[in-house]
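Engineer: Just so it is clear, I am handing over run.tsv, which has TSV, C-alpha atoms.
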chain	number	residue	atom	x	y	z
T	1	MET	CA	0.00	0.00	0.00
T	2	SER	CA	1.38	3.40	-0.97
T	3	LEU	CA	2.00	6.16	1.54
T	4	VAL	CA	-0.93	8.14	0.15
T	5	ASN	CA	-3.24	5.17	0.57
T	6	ARG	CA	-2.04	4.54	4.11
T	7	ILE	CA	-2.70	8.19	5.03
T	8	TRP	CA	-6.14	8.00	3.42
T	9	GLN	CA	-7.03	4.80	5.29
T	10	ARG	CA	-5.90	6.33	8.57
T	11	LEU	CA	-7.99	9.45	7.97
T	12	LYS	CA	-11.02	7.27	7.24
T	13	ARG	CA	-10.50	5.24	10.42
T	14	ASP	CA	-10.16	8.41	12.48
T	15	TYR	CA	-13.36	9.82	10.96
T	16	PHE	CA	-15.38	6.67	11.60
T	17	ARG	CA	-13.94	6.34	15.12
T	18	GLN	CA	-15.01	9.88	15.98
T	19	ASP	CA	-18.43	9.28	14.46
T	20	TYR	CA	-18.78	6.16	16.58
T	21	HIS	CA	-17.72	7.87	19.82
T	22	ARG	CA	-20.28	10.64	19.21
T	23	ALA	CA	-22.94	7.98	18.80
T	24	ALA	CA	-21.90	5.94	21.84
T	25	GLN	CA	-21.75	9.04	24.05
T	26	ALA	CA	-25.55	9.16	23.93
T	27	ILE	CA	-25.72	6.05	26.12
T	28	LEU	CA	-24.94	8.36	29.04
T	29	ALA	CA	-28.38	9.96	28.62
T	30	THR	CA	-30.17	6.65	29.19
T	31	ALA	CA	-31.69	5.51	32.47
T	32	PRO	CA	-29.74	3.21	34.79
T	33	LEU	CA	-30.16	-0.48	34.13
T	34	LYS	CA	-32.48	-2.21	36.59
T	35	ALA	CA	-31.50	-5.60	37.93
T	36	GLY	CA	-33.19	-8.47	36.15
T	37	VAL	CA	-34.55	-11.72	37.53
T	38	LEU	CA	-33.28	-14.22	34.97
T	39	PRO	CA	-30.99	-16.75	36.65
T	40	PHE	CA	-27.65	-16.10	35.00
T	41	THR	CA	-24.62	-13.82	35.22
T	42	VAL	CA	-23.22	-11.58	32.49
T	43	LEU	CA	-19.47	-11.08	32.82
T	44	SER	CA	-17.25	-8.74	30.81
T	45	MET	CA	-13.72	-7.40	30.99
T	46	VAL	CA	-13.64	-3.64	30.34
T	47	HIS	CA	-10.80	-1.27	29.40
T	48	GLN	CA	-11.08	2.46	30.05
T	49	ARG	CA	-11.40	3.24	26.34
T	50	ASP	CA	-14.44	0.95	26.12
T	51	VAL	CA	-16.59	2.16	29.03
T	52	ASN	CA	-19.26	3.76	26.83
T	53	SER	CA	-19.10	0.84	24.41
T	54	TYR	CA	-19.65	-1.56	27.28
T	55	LEU	CA	-22.70	0.39	28.46
T	56	VAL	CA	-24.20	0.10	24.99
T	57	ALA	CA	-23.38	-3.62	24.96
T	58	ILE	CA	-24.84	-4.48	28.37
T	59	LYS	CA	-27.89	-2.24	28.14
T	60	SER	CA	-28.81	-3.44	24.65
T	61	PHE	CA	-28.34	-7.08	25.69
T	62	ALA	CA	-30.35	-6.63	28.90
T	63	HIS	CA	-33.16	-4.96	26.94
T	64	PHE	CA	-33.90	-8.42	25.58
T	65	LEU	CA	-32.48	-10.69	28.29
T	66	ASN	CA	-31.92	-9.07	31.66
T	67	PRO	CA	-29.71	-11.09	34.02
T	68	ARG	CA	-29.89	-11.27	37.77
T	69	ALA	CA	-26.17	-10.48	38.11
T	70	VAL	CA	-23.69	-8.37	36.14
T	71	VAL	CA	-19.93	-8.50	36.70
T	72	VAL	CA	-17.13	-6.39	35.22
T	73	VAL	CA	-13.52	-7.45	35.51
T	74	CYS	CA	-11.72	-4.11	35.46
T	75	ASP	CA	-8.65	-3.74	33.29
T	76	PRO	CA	-5.92	-1.86	35.21
T	77	SER	CA	-6.73	1.23	33.11
T	78	ILE	CA	-10.13	1.59	34.84
T	79	ASP	CA	-9.94	4.43	37.38
T	80	ALA	CA	-12.22	5.72	40.12
T	81	ALA	CA	-14.20	7.94	37.74
T	82	ASP	CA	-14.81	5.01	35.41
T	83	ARG	CA	-16.02	2.88	38.31
T	84	ALA	CA	-18.40	5.60	39.44
T	85	LEU	CA	-19.80	5.95	35.91
T	86	LEU	CA	-20.26	2.21	35.54
T	87	LEU	CA	-22.09	2.00	38.88
T	88	GLN	CA	-24.22	5.00	37.99
T	89	HIS	CA	-25.53	3.17	34.94
T	90	VAL	CA	-25.53	-0.38	36.36
T	91	PRO	CA	-26.12	0.13	40.10
T	92	HIS	CA	-26.17	-3.61	40.87
T	93	LEU	CA	-22.86	-4.16	39.08
T	94	THR	CA	-20.09	-6.14	40.79
T	95	LEU	CA	-16.66	-4.67	40.01
T	96	ARG	CA	-13.63	-6.94	40.29
T	97	ASN	CA	-9.96	-6.24	39.62
T	98	ALA	CA	-8.17	-8.18	36.91
T	99	ASP	CA	-5.33	-9.04	39.27
T	100	GLU	CA	-7.76	-11.06	41.40
T	101	PHE	CA	-7.87	-13.65	38.63
T	102	THR	CA	-4.39	-15.02	38.12
T	103	ASP	CA	-2.87	-18.47	38.40
T	104	PRO	CA	0.64	-19.84	37.80
T	105	ASP	CA	-0.72	-22.21	35.16
T	106	ILE	CA	-2.26	-19.54	32.91
T	107	PRO	CA	-0.76	-16.55	31.06
T	108	ARG	CA	-1.31	-12.97	32.19
T	109	GLY	CA	-3.16	-10.45	30.05
T	110	GLY	CA	-4.87	-11.05	26.73
T	111	THR	CA	-8.22	-11.49	28.57
T	112	TRP	CA	-7.02	-14.57	30.43
T	113	GLU	CA	-8.17	-12.94	33.67
T	114	ARG	CA	-11.67	-12.77	32.21
T	115	LEU	CA	-11.78	-16.48	31.48
T	116	TYR	CA	-10.42	-17.32	34.92
T	117	ALA	CA	-13.11	-15.09	36.46
T	118	ILE	CA	-15.78	-16.95	34.48
T	119	SER	CA	-14.51	-20.20	35.96
T	120	GLU	CA	-15.15	-18.74	39.45
T	121	TYR	CA	-18.68	-17.54	38.76
T	122	ALA	CA	-19.58	-20.70	36.84
T	123	GLN	CA	-19.29	-22.67	40.08
T	124	HIS	CA	-22.64	-21.21	41.11
T	125	SER	CA	-24.26	-19.69	38.00
T	126	TYR	CA	-24.71	-19.88	34.27
T	127	VAL	CA	-22.29	-17.27	32.87
T	128	VAL	CA	-22.57	-15.32	29.64
T	129	GLN	CA	-19.31	-13.70	28.50
T	130	LEU	CA	-20.23	-10.45	26.71
T	131	ASP	CA	-17.61	-8.35	24.92
T	132	ALA	CA	-17.84	-4.57	25.10
T	133	ASP	CA	-17.86	-4.34	21.29
T	134	THR	CA	-21.16	-6.18	20.86
T	135	ILE	CA	-24.65	-4.86	20.20
T	136	THR	CA	-28.02	-6.60	20.51
T	137	LEU	CA	-30.81	-5.23	18.32
T	138	GLN	CA	-33.46	-7.96	18.15
T	139	PRO	CA	-34.78	-10.77	20.38
T	140	ILE	CA	-32.27	-13.55	21.11
T	141	PRO	CA	-34.45	-16.59	21.97
T	142	GLU	CA	-31.65	-19.06	21.19
T	143	VAL	CA	-29.60	-17.60	24.04
T	144	ARG	CA	-32.56	-17.78	26.43
T	145	ALA	CA	-33.19	-21.39	25.42
T	146	ALA	CA	-29.54	-22.34	26.08
T	147	ILE	CA	-29.61	-20.70	29.51
T	148	ASP	CA	-32.90	-22.37	30.43
T	149	ALA	CA	-31.53	-25.74	29.32
T	150	GLY	CA	-28.18	-25.26	31.06
T	151	ALA	CA	-26.44	-25.75	27.72
T	152	GLY	CA	-23.40	-23.96	26.33
T	153	PHE	CA	-23.41	-21.66	23.30
T	154	VAL	CA	-20.78	-19.89	21.24
T	155	LEU	CA	-20.55	-17.51	18.31
T	156	GLY	CA	-19.62	-19.47	15.21
T	157	GLU	CA	-17.71	-18.29	12.15
T	158	MET	CA	-19.96	-19.86	9.51
T	159	HIS	CA	-23.27	-21.63	9.02
T	160	ASN	CA	-23.38	-24.70	11.29
T	161	THR	CA	-19.90	-24.23	12.72
T	162	PRO	CA	-18.91	-27.81	13.57
T	163	ILE	CA	-17.83	-29.26	16.89
T	164	ARG	CA	-14.94	-31.57	15.99
T	165	ARG	CA	-12.90	-34.28	17.65
T	166	LEU	CA	-9.29	-33.18	18.11
T	167	PRO	CA	-7.79	-35.19	15.21
T	168	ALA	CA	-10.25	-33.44	12.88
T	169	VAL	CA	-9.37	-30.09	14.44
T	170	ARG	CA	-5.74	-30.72	13.51
T	171	GLU	CA	-6.61	-31.67	9.93
T	172	ASN	CA	-8.72	-28.56	9.56
T	173	ALA	CA	-5.91	-26.28	10.79
T	174	LEU	CA	-2.95	-27.86	8.98
T	175	PRO	CA	-3.48	-25.90	5.71
T	176	TRP	CA	-2.82	-22.66	7.63
T	177	MET	CA	0.57	-23.80	8.89
T	178	ARG	CA	3.28	-21.66	7.35
T	179	PRO	CA	5.92	-19.24	8.71
T	180	GLY	CA	4.22	-16.60	10.82
T	181	ALA	CA	1.04	-18.65	11.31
T	182	HIS	CA	-1.48	-17.35	13.86
T	183	ILE	CA	-1.25	-18.92	17.29
T	184	GLN	CA	-4.86	-20.13	17.07
T	185	GLY	CA	-4.05	-22.35	14.11
T	186	ILE	CA	-0.82	-23.54	15.73
T	187	ALA	CA	-2.66	-24.47	18.91
T	188	GLU	CA	-5.38	-26.24	16.95
T	189	THR	CA	-2.83	-28.46	15.23
T	190	GLU	CA	-1.15	-29.39	18.51
T	191	MET	CA	-3.94	-29.88	21.04
T	192	VAL	CA	-4.44	-33.46	19.84
T	193	ASN	CA	-0.85	-34.15	20.96
T	194	VAL	CA	-0.95	-32.98	24.58
T	195	GLY	CA	-2.72	-35.89	26.29
T	196	LEU	CA	-6.26	-34.52	26.49
T	197	PRO	CA	-9.17	-36.98	26.91
T	198	ALA	CA	-9.79	-39.20	23.87
T	199	ASP	CA	-13.37	-37.94	23.58
T	200	ALA	CA	-12.45	-34.22	23.84
T	201	VAL	CA	-13.85	-31.87	21.22
T	202	TYR	CA	-13.31	-28.29	20.03
T	203	ILE	CA	-15.22	-25.59	18.19
T	204	ARG	CA	-13.62	-22.75	16.21
T	205	GLY	CA	-15.78	-20.06	17.72
T	206	CYS	CA	-15.37	-16.54	19.10
T	207	SER	CA	-14.94	-15.98	22.82
T	208	GLY	CA	-16.59	-12.55	22.56
T	209	PHE	CA	-20.05	-14.01	23.22
T	210	THR	CA	-20.10	-17.39	24.91
T	211	GLY	CA	-22.41	-19.18	27.32
T	212	PHE	CA	-20.94	-21.38	30.04
T	213	PRO	CA	-23.26	-23.69	32.01
T	214	PRO	CA	-22.69	-24.08	35.75
T	215	SER	CA	-19.67	-26.28	36.37
T	216	GLN	CA	-17.61	-27.34	39.35
T	217	THR	CA	-14.83	-28.56	37.06
T	218	MET	CA	-14.37	-25.65	34.61
T	219	ARG	CA	-11.51	-24.09	36.58
T	220	SER	CA	-9.55	-27.33	36.87
T	221	ALA	CA	-10.19	-28.06	33.17
T	222	LEU	CA	-8.97	-24.56	32.27
T	223	THR	CA	-5.70	-24.82	34.20
T	224	ASP	CA	-5.09	-28.38	33.02
T	225	PHE	CA	-5.56	-27.38	29.36
T	226	SER	CA	-3.29	-24.35	29.74
T	227	ARG	CA	-0.62	-26.36	31.54
T	228	ARG	CA	-0.58	-28.99	28.77
T	229	MET	CA	-0.47	-26.38	26.00
T	230	THR	CA	2.33	-24.50	27.75
T	231	ALA	CA	4.37	-27.70	27.90
T	232	LYS	CA	3.89	-28.14	24.13
T	233	LEU	CA	4.18	-24.53	22.89
T	234	GLY	CA	6.31	-22.80	25.52
T	235	GLU	CA	6.42	-19.00	25.25
T	236	ASP	CA	4.08	-19.08	22.26
T	237	TRP	CA	1.26	-19.98	24.64
T	238	LYS	CA	1.48	-16.42	26.02
T	239	ARG	CA	0.56	-14.89	22.65
T	240	TRP	CA	-2.69	-13.02	22.03
T	241	GLY	CA	-5.37	-15.48	20.95
T	242	THR	CA	-4.61	-18.36	23.31
T	243	GLU	CA	-7.43	-17.33	25.65
T	244	GLN	CA	-9.89	-17.69	22.77
T	245	VAL	CA	-8.54	-21.15	21.96
T	246	THR	CA	-9.03	-22.16	25.59
T	247	SER	CA	-12.52	-20.66	25.75
T	248	ASN	CA	-13.46	-22.58	22.59
T	249	TYR	CA	-12.13	-25.81	24.06
T	250	LEU	CA	-13.94	-25.36	27.38
T	251	VAL	CA	-17.30	-24.44	25.89
T	252	ALA	CA	-17.12	-27.21	23.27
T	253	ASN	CA	-16.78	-29.73	26.10
T	254	ALA	CA	-19.53	-28.16	28.23
T	255	VAL	CA	-23.01	-29.61	28.52
T	256	GLY	CA	-25.11	-29.47	25.34
T	257	THR	CA	-23.09	-26.79	23.55
T	258	GLN	CA	-24.30	-25.60	20.16
T	259	PRO	CA	-23.12	-22.73	17.94
T	260	LEU	CA	-25.52	-19.83	17.66
T	261	PRO	CA	-27.20	-19.54	14.24
T	262	PHE	CA	-25.09	-17.57	11.77
T	263	PRO	CA	-25.47	-14.80	10.62
T	264	LYS	CA	-28.29	-14.05	13.07
T	265	TYR	CA	-25.38	-13.88	15.50
T	266	GLY	CA	-22.14	-12.78	13.88
T	267	THR	CA	-19.96	-10.00	12.56
T	268	PRO	CA	-21.30	-6.89	10.78
T	269	ASP	CA	-19.83	-7.85	7.39
T	270	CYS	CA	-22.26	-10.79	7.26
T	271	ALA	CA	-25.30	-9.06	8.77
T	272	THR	CA	-28.77	-9.41	7.26
T	273	ALA	CA	-32.15	-7.93	8.18
T	274	ASP	CA	-32.54	-10.85	10.61
T	275	THR	CA	-29.26	-10.28	12.45
T	276	ALA	CA	-30.01	-9.85	16.15
T	277	PHE	CA	-26.52	-9.71	17.62
T	278	SER	CA	-23.36	-8.23	16.11
T	279	HIS	CA	-19.78	-8.46	17.28
T	280	PHE	CA	-17.75	-5.51	16.00
T	281	ILE	CA	-14.32	-7.11	16.11
T	282	GLY	CA	-11.35	-4.79	15.71
T	283	SER	CA	-10.83	-5.16	11.98
T	284	MET	CA	-14.48	-4.24	11.33
T	285	ARG	CA	-15.00	-1.54	13.94
T	286	PHE	CA	-14.05	1.76	12.29
T	287	VAL	CA	-14.00	0.96	8.58
T	288	ASN	CA	-17.49	2.36	7.91
T	289	ARG	CA	-20.46	3.80	9.81
T	290	LYS	CA	-22.02	0.46	10.78
T	291	TYR	CA	-20.82	0.51	14.39
T	292	ALA	CA	-22.07	4.06	14.94
T	293	GLN	CA	-25.38	3.32	13.23
T	294	ALA	CA	-25.94	0.15	15.24
T	295	SER	CA	-25.13	2.02	18.46
T	296	ARG	CA	-27.64	4.75	17.64
T	297	ARG	CA	-30.30	2.14	16.92
T	298	ALA	CA	-29.56	0.37	20.19
T	299	ILE	CA	-29.72	3.59	22.22
T	300	GLU	CA	-33.01	4.56	20.60
T	301	LEU	CA	-34.34	1.07	21.30
T	302	ILE	CA	-33.61	1.24	25.02
T	303	GLY	CA	-35.12	4.69	25.28
T	304	GLY	CA	-32.19	7.06	25.17
T	305	ALA	CA	-31.20	10.09	23.21
T	306	GLY	CA	-30.78	9.57	19.49
Mind converting the file's structure to structure tokens?

Structural biologist:
Amino acid sequence: MSLVNRIWQRLKRDYFRQDYHRAAQAILATAPLKAGVLPFTVLSMVHQRDVNSYLVAIKSFAHFLNPRAVVVVCDPSIDAADRALLLQHVPHLTLRNADEFTDPDIPRGGTWERLYAISEYAQHSYVVQLDADTITLQPIPEVRAAIDAGAGFVLGEMHNTPIRRLPAVRENALPWMRPGAHIQGIAETEMVNVGLPADAVYIRGCSGFTGFPPSQTMRSALTDFSRRMTAKLGEDWKRWGTEQVTSNYLVANAVGTQPLPFPKYGTPDCATADTAFSHFIGSMRFVNRKYAQASRRAIELIGGAG
């Protein structure tokens, strides 16, 4: 890409980012979220730059499915003013520090603290992991059905994203193996070789929106998986993306897990008129006005300023 094109792309990203932040700012004019009665917990990890985004995410989700408990694992960037703002808008919110959720057998950072926190809350509750860059715009009955059934769910990457046995996971990932390969593909080729149970399975999903049924063994399964993968991959297991691999493994082996229907639940590039839930992953966040437009729709839906 030429220098001129790089400058042009950066200017576009800056424009769309500013447009988005103007849209998301309107969430601050909405009423505080009231505690729900549905028997599950929504847990998120939030960085300071994403406070308004998170409020759009949790309020739009709760408009359709309001949980009894809401937890935020605070990134170290979250300060006292951020905490006060979060509690102003979600008065029943439980705020936890990221450094409460560490273990010698798991990496630090890269949202590992979030997954370890989920393993704590899952001992007593169904837990929905909700990323701050998600927006819910229509009813989500499939999520309600999974919670009611005590079954896992995960965002897929295609129609009927398969749950595979580990040898098939390796075969699926092998074509991506080349110099500089992403750690997710590397891990997927190797997890069959680390001594996991013969009947273990895996789904190539997205950890940004995942449902974990109550489990007394999730934490031990998490640390065991990470310990085995560290022994195989060494320092590579600390790379960004390993938390998602672990989340995918854990939810695939949870009770009754199914991928959510795609593209009713998915990324904005695949959205249709029936899309209820969108995950605005980084590469799709500020490339056009979709994130800002979806945020405005969500804020209007929950009764805020347009």

Engineer: Using all atoms listed in the file, I'd like a table of the residues in stretch 59-163 of chain T that come within 9 Å of stretch 284-299 of chain T; for each, show the closest atom pair and its distance in Å rounded to one decimal, ordered by chain and ascending number, as CSV.

Structural biologist:
residue,atom,partner,partner_atom,distance
T:Lys59,CA,T:Ile299,CA,8.5
T:Ser60,CA,T:Ala298,CA,5.9
T:Asp133,CA,T:Arg285,CA,8.4
T:Ile135,CA,T:Ser295,CA,7.1
T:Thr136,CA,T:Ala298,CA,7.1
T:Leu137,CA,T:Ala298,CA,6.0

Engineer: I'd like a table as CSV: residues in stretch 109-187 of chain T with an atom no more than 7 Å from stretch 31-51 of chain T, each row giving the shortest atom pair and its distance in Å to one decimal, all atoms listed in the file counted, sorted by chain and rising residue number.

Structural biologist:
residue,atom,partner,partner_atom,distance
T:Arg114,CA,T:Met45,CA,5.9
T:Ser125,CA,T:Phe40,CA,5.8
T:Tyr126,CA,T:Phe40,CA,4.8
T:Val127,CA,T:Thr41,CA,4.8
T:Val128,CA,T:Val42,CA,4.7
T:Gln129,CA,T:Leu43,CA,5.1
T:Leu130,CA,T:Ser44,CA,5.3
T:Asp131,CA,T:Ser44,CA,5.9
T:Ala132,CA,T:Asp50,CA,6.6

Engineer: How far is it from atom CA of T:Arg144 to atom CA of T:Phe64, in Å with one decimal?

Structural biologist: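 Interatomic distance here is 9.5 Å.
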
Engineer: For T:Gln244, please output as a ChimeraX atom specification all residues within 7 Å (counting all atoms listed in the file; exclusion window: fewer than 4 positions along the same chain).

Structural biologist: /T:206-207,248

Engineer: Compile the contact shell of T:Thr223 as a list of chain:residue names: residues with an atom at most 10 Å away, counting only C-alpha atoms, same-chain residues fewer than 5 positions apart removed.

Structural biologist: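 Contacts, with the query itself left out: T:Asp103, T:Pro104, T:Asp105, T:Ile106, T:Tyr116, T:Met218, T:Arg228, T:Met229, T:Thr246.
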
Engineer: If I take atom CA of T:Glu243 and atom CA of T:Val56, how far is one from the other in Å, to one decimal?

Structural biologist: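 For atom CA of T:Glu243 relative to atom CA of T:Val56, the distance reads 24.2 Å.
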
Engineer: Counting all atoms listed in the file, which residue out of T:Gly208, T:Pro268, T:Asn52, T:His279 sits closest to T:Leu85?

Structural biologist: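 Comparing T:Gly208, T:Pro268, T:Asn52, T:His279 against T:Leu85, the winner is T:Asn52.
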
Engineer: Rank nothing, just name the residue among T:Ile118, T:Ala271, T:Ile58, T:Ala24 nearest to T:Leu250, using only C-alpha atoms.

Structural biologist: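 Answer, going by the shortest atom-to-atom distance: T:Ile118.
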
Engineer: Can you measure atom CA of T:Leu55 to atom CA of T:Thr257 for me? One decimal in Å is fine.

Structural biologist: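 Computing it gives 27.6 Å between the two atoms.
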
Engineer: Can you work out which one of T:Ala149, T:Val143, T:Val245, T:Ala254 has the shortest atom-to-atom distance to T:Phe277, counting all atoms listed in the file?

Structural biologist: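 With all atoms listed in the file as the atom set, the closest residue is T:Val143.
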
Engineer: Centre and edge lengths of an axis-aligned box around all listed atoms of stretch 129-133 of chain T, with 4 Å added on each side, are to be given in Å to one decimal, as JSON.

Structural biologist:
{"center_x": -18.9, "center_y": -9.0, "center_z": 24.9, "size_x": 10.6, "size_y": 17.4, "size_z": 15.2}

Engineer: Measuring between only C-alpha atoms, which one of T:Gly266, T:Pro261, T:Pro214, T:Pro76 shows the shortest distance to T:Asp148?

Structural biologist: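 Among the listed residues, T:Pro214 lies closest to T:Asp148.
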
Engineer: Looking at all atoms listed in the file, which of T:Arg170, T:His92, T:Arg227, T:Arg108 is the one that sits closest to T:Tyr202?

Structural biologist: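 When distances to T:Tyr202 are compared using all atoms listed in the file, the smallest one comes from T:Arg170.
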